[in-house]
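*Asks:* What follows is a structure written as structure tokens; I'll ask about it next.
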Amino acid sequence: MTGNKETAKSLLNNYKKKGYIESVRRNLFVSISMETGASVADRFVIASHIVPGACVTHHSAFQFHGMTNQVFYELYVVTPGNKKFSEFTYNGITYRYTASHLDIGVETKYDGMIRVTDLERTVIDSIEDINKIAGIEEVLNCIEAIPPRWLSAQKLVSYLMEYKKSSKGFLYKKVGYILEHFQEKIDAPHELFAECVKHISKSKQYFDESLKNRPGTCYDEKWKLYVPENLLFVISKGGMKFDTV
């Protein structure tokens, strides 16, 4: 706009002093509403502009899609080429980098102001990183909130096939096992489960390491997983209380 770097710096400093804009982090500014005194850009717009191509992901994407029932003060972001950024806090929201496993499954909203993983990719990412970000109870609650037949089996399968993980067989197991409990959410569940069964490894694995030597653990022959006897107990009672299942 100014055609000159020094003029741009001077203009930004002038606008900051007058309260027209506010610095979120280095080289990222937001306009301030003269009526409310708050940022015009919301948390999802800010997250989508941390670096070019940044995208809201995991539990934060569930929140954008309206699948959470409470406000969280952490927002997770993936970046093209997994270009890391240092986490920062602005207006009480902490913005955190997390690694991306896919290059597809991103939607743009509000004339490109927001980039967010679509619902199918959000489900796959959240199951893959189930103990790293939101935790199993919150992930299950988010999936339970998805309306019937909103998930495309075709998209879920395509994302699983493109997933950049050496242990994709384990991911197929986890996705198949969890989503089998939410079949009504998928438009063609049998198509998804048939594909998952086709790709799972034959080795026996624990769905979660905390299940080892714990009461209330059983073996699921179909998915070759040691699992809690009743997964949905986690939602109804809260937490991984396998000894009381």
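Identifiers in the structure tokens: chain A, B, ... in order shown; residue index from 1 per chain; ligand index from 1 in order shown.
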Would you pick out the contacts of stretch 74-85 of chain A at 10 Å or less, using only C-alpha atoms, so that residues sharing its chain but fewer than 2 positions from it are not included, and give the list as a ChimeraX atom specification?

*Replies:* /A:43-44,47-48,50-61,63,71-72,87-89,92-103,115-117,133

*Asks:* I need the residues from that last selection saved to file as a compact mmCIF listing (two decimals), in the first residue's frame (with N, CA, C and O atoms), if you can.

*Replies:*
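Everything below was put into part_14.txt:
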```txt
# COMPACT_ATOMS: atom_id res chain seq x y z
N ARG A 43 -10.44 -15.48 16.78
CA ARG A 43 -9.31 -16.39 16.99
C ARG A 43 -9.00 -17.23 15.76
O ARG A 43 -7.83 -17.54 15.47
N PHE A 44 -10.03 -17.61 15.01
CA PHE A 44 -9.81 -18.48 13.85
C PHE A 44 -9.19 -17.71 12.69
O PHE A 44 -8.38 -18.26 11.94
N ALA A 47 -5.50 -17.28 13.69
CA ALA A 47 -4.77 -18.54 13.51
C ALA A 47 -4.45 -18.80 12.05
O ALA A 47 -3.37 -19.32 11.72
N SER A 48 -5.36 -18.43 11.17
CA SER A 48 -5.19 -18.69 9.74
C SER A 48 -4.19 -17.76 9.08
O SER A 48 -3.86 -17.94 7.90
N ILE A 50 -1.18 -16.73 10.87
CA ILE A 50 0.09 -16.75 11.60
C ILE A 50 1.26 -16.83 10.63
O ILE A 50 2.27 -16.13 10.76
N VAL A 51 1.14 -17.72 9.64
CA VAL A 51 2.05 -17.78 8.49
C VAL A 51 1.18 -18.04 7.27
O VAL A 51 0.05 -18.53 7.41
N PRO A 52 1.65 -17.74 6.07
CA PRO A 52 0.84 -18.02 4.88
C PRO A 52 0.45 -19.50 4.81
O PRO A 52 1.30 -20.39 4.94
N GLY A 53 -0.83 -19.76 4.63
CA GLY A 53 -1.31 -21.13 4.51
C GLY A 53 -1.58 -21.82 5.83
O GLY A 53 -1.93 -23.01 5.85
N ALA A 54 -1.46 -21.12 6.95
CA ALA A 54 -1.75 -21.73 8.25
C ALA A 54 -3.21 -22.17 8.31
O ALA A 54 -4.08 -21.60 7.66
N CYS A 55 -3.46 -23.20 9.13
CA CYS A 55 -4.78 -23.83 9.12
C CYS A 55 -5.16 -24.30 10.52
O CYS A 55 -4.35 -24.90 11.23
N VAL A 56 -6.40 -24.03 10.92
CA VAL A 56 -6.93 -24.49 12.21
C VAL A 56 -7.14 -26.00 12.13
O VAL A 56 -7.67 -26.52 11.14
N THR A 57 -6.77 -26.71 13.17
CA THR A 57 -6.78 -28.17 13.10
C THR A 57 -7.17 -28.83 14.42
O THR A 57 -7.38 -28.16 15.43
N HIS A 58 -7.28 -30.16 14.39
CA HIS A 58 -7.55 -31.00 15.56
C HIS A 58 -8.76 -30.49 16.36
O HIS A 58 -9.78 -30.14 15.76
N HIS A 59 -8.62 -30.44 17.67
CA HIS A 59 -9.76 -30.07 18.51
C HIS A 59 -10.26 -28.66 18.21
O HIS A 59 -11.46 -28.38 18.32
N SER A 60 -9.37 -27.78 17.80
CA SER A 60 -9.77 -26.41 17.47
C SER A 60 -10.67 -26.39 16.23
O SER A 60 -11.57 -25.56 16.12
N ALA A 61 -10.41 -27.30 15.29
CA ALA A 61 -11.28 -27.41 14.11
C ALA A 61 -12.66 -27.92 14.53
O ALA A 61 -13.68 -27.46 14.01
N GLN A 63 -14.04 -27.28 17.26
CA GLN A 63 -14.67 -26.11 17.86
C GLN A 63 -15.23 -25.19 16.78
O GLN A 63 -16.36 -24.69 16.89
N VAL A 71 -15.91 -23.56 25.69
CA VAL A 71 -14.88 -22.72 25.08
C VAL A 71 -13.51 -23.16 25.59
O VAL A 71 -13.32 -23.36 26.79
N PHE A 72 -12.57 -23.31 24.67
CA PHE A 72 -11.20 -23.66 25.05
C PHE A 72 -10.29 -22.48 24.77
O PHE A 72 -10.54 -21.68 23.86
N GLU A 87 4.90 -20.77 20.09
CA GLU A 87 3.56 -20.52 20.60
C GLU A 87 3.50 -19.13 21.25
O GLU A 87 4.49 -18.62 21.76
N PHE A 88 2.33 -18.53 21.20
CA PHE A 88 2.16 -17.21 21.77
C PHE A 88 0.73 -17.08 22.28
O PHE A 88 -0.15 -17.86 21.92
N THR A 89 0.51 -16.09 23.12
CA THR A 89 -0.82 -15.85 23.68
C THR A 89 -1.26 -14.44 23.32
O THR A 89 -0.50 -13.49 23.45
N GLY A 92 -5.85 -13.83 25.76
CA GLY A 92 -6.20 -15.00 26.55
C GLY A 92 -6.22 -16.31 25.79
O GLY A 92 -6.50 -17.36 26.37
N ILE A 93 -5.94 -16.29 24.49
CA ILE A 93 -5.90 -17.50 23.68
C ILE A 93 -4.45 -17.84 23.36
O ILE A 93 -3.70 -16.99 22.87
N THR A 94 -4.05 -19.08 23.64
CA THR A 94 -2.70 -19.53 23.32
C THR A 94 -2.73 -20.27 21.99
O THR A 94 -3.51 -21.22 21.81
N TYR A 95 -1.90 -19.82 21.06
CA TYR A 95 -1.83 -20.41 19.72
C TYR A 95 -0.65 -21.37 19.68
O TYR A 95 0.48 -20.97 19.94
N ARG A 96 -0.92 -22.63 19.34
CA ARG A 96 0.11 -23.67 19.40
C ARG A 96 0.27 -24.35 18.03
O ARG A 96 -0.71 -24.70 17.38
N TYR A 97 1.52 -24.58 17.68
CA TYR A 97 1.84 -25.33 16.45
C TYR A 97 1.69 -26.82 16.72
O TYR A 97 2.04 -27.32 17.79
N THR A 98 1.18 -27.54 15.73
CA THR A 98 1.21 -29.00 15.77
C THR A 98 1.51 -29.50 14.37
O THR A 98 1.18 -28.84 13.37
N ALA A 99 2.16 -30.63 14.27
CA ALA A 99 2.59 -31.14 12.97
C ALA A 99 1.40 -31.60 12.12
O ALA A 99 0.42 -32.13 12.63
N SER A 100 1.52 -31.39 10.83
CA SER A 100 0.49 -31.82 9.88
C SER A 100 0.89 -33.16 9.27
O SER A 100 2.05 -33.37 8.93
N HIS A 101 -0.09 -34.05 9.11
CA HIS A 101 0.16 -35.36 8.51
C HIS A 101 -0.41 -35.46 7.10
O HIS A 101 -0.24 -36.47 6.43
N LEU A 102 -1.12 -34.42 6.66
CA LEU A 102 -1.78 -34.43 5.36
C LEU A 102 -1.61 -33.09 4.65
O LEU A 102 -1.42 -32.06 5.30
N ASP A 103 -1.72 -33.12 3.33
CA ASP A 103 -1.70 -31.88 2.54
C ASP A 103 -3.07 -31.59 1.95
O ASP A 103 -3.23 -30.62 1.19
N ARG A 115 -8.90 -20.69 7.32
CA ARG A 115 -8.55 -22.01 6.77
C ARG A 115 -8.68 -23.02 7.91
O ARG A 115 -8.12 -22.82 8.99
N VAL A 116 -9.39 -24.10 7.64
CA VAL A 116 -9.68 -25.08 8.69
C VAL A 116 -9.78 -26.47 8.07
O VAL A 116 -10.25 -26.61 6.94
N THR A 117 -9.32 -27.48 8.79
CA THR A 117 -9.48 -28.85 8.28
C THR A 117 -10.96 -29.22 8.25
O THR A 117 -11.72 -28.83 9.14
N ILE A 133 -3.43 -34.05 22.27
CA ILE A 133 -4.05 -32.72 22.28
C ILE A 133 -5.29 -32.69 23.17
O ILE A 133 -5.23 -32.21 24.29
```

*Asks:* Among stretch 30-227 of chain A, which ones does DSSP place in alpha helix (DSSP H), written as number ranges by chain?

*Replies:* A: 43-47, 58-64, 119-128, 136-144, 153-162, 168-179, 189-199

*Asks:* With distances taken over only C-alpha atoms, which residue among A:His181, A:Lys173, A:Lys109, A:His190 lies nearest A:Lys204?

*Replies:*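 Result for the nearest residue to A:Lys204: A:Lys173.
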
*Asks:* Taking into account only C-alpha atoms, which residue in the set A:Phe170, A:Tyr206, A:Phe64, A:Phe182 is nearest to A:Asn141?

*Replies:* A:Phe182

*Asks:* Between A:Tyr226, A:Thr217, A:Asn131, A:Asp187, which has the minimum distance to A:Ser203 (counting only C-alpha atoms)?

*Replies:*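 Nearest to A:Ser203: A:Tyr226.
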
*Asks:* Kindly indicate which residue among A:Glu184, A:Ala145, A:Asp125, A:Asp42 lies nearest to A:Tyr163, using only C-alpha atoms for the distances.

*Replies:*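 Looking only at the distances to A:Tyr163, the closest residue turns out to be A:Asp125.
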
*Asks:* Using DSSP on the backbone coordinates, identify the residues of stretch 9-139 of chain A assigned to strand (DSSP E); present them as a ChimeraX atom specification.

*Replies:* /A:21-25,28-31,55-56,74-78,88-90,93-97,106-109,114-117

*Asks:* Have a look at A:Pro189, A:Pro147, A:Pro215, A:Gly105 and name the one nearest to A:Gly66; count only C-alpha atoms.

*Replies:*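 Among the listed residues, the smallest separation from A:Gly66 belongs to A:Pro147.
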
*Asks:* Could you check the closest approach to A:Val139 for each of A:Cys218, A:Cys196, A:Leu232, A:Ala38 and tell me which residue wins, using only C-alpha atoms?

*Replies:* A:Leu232
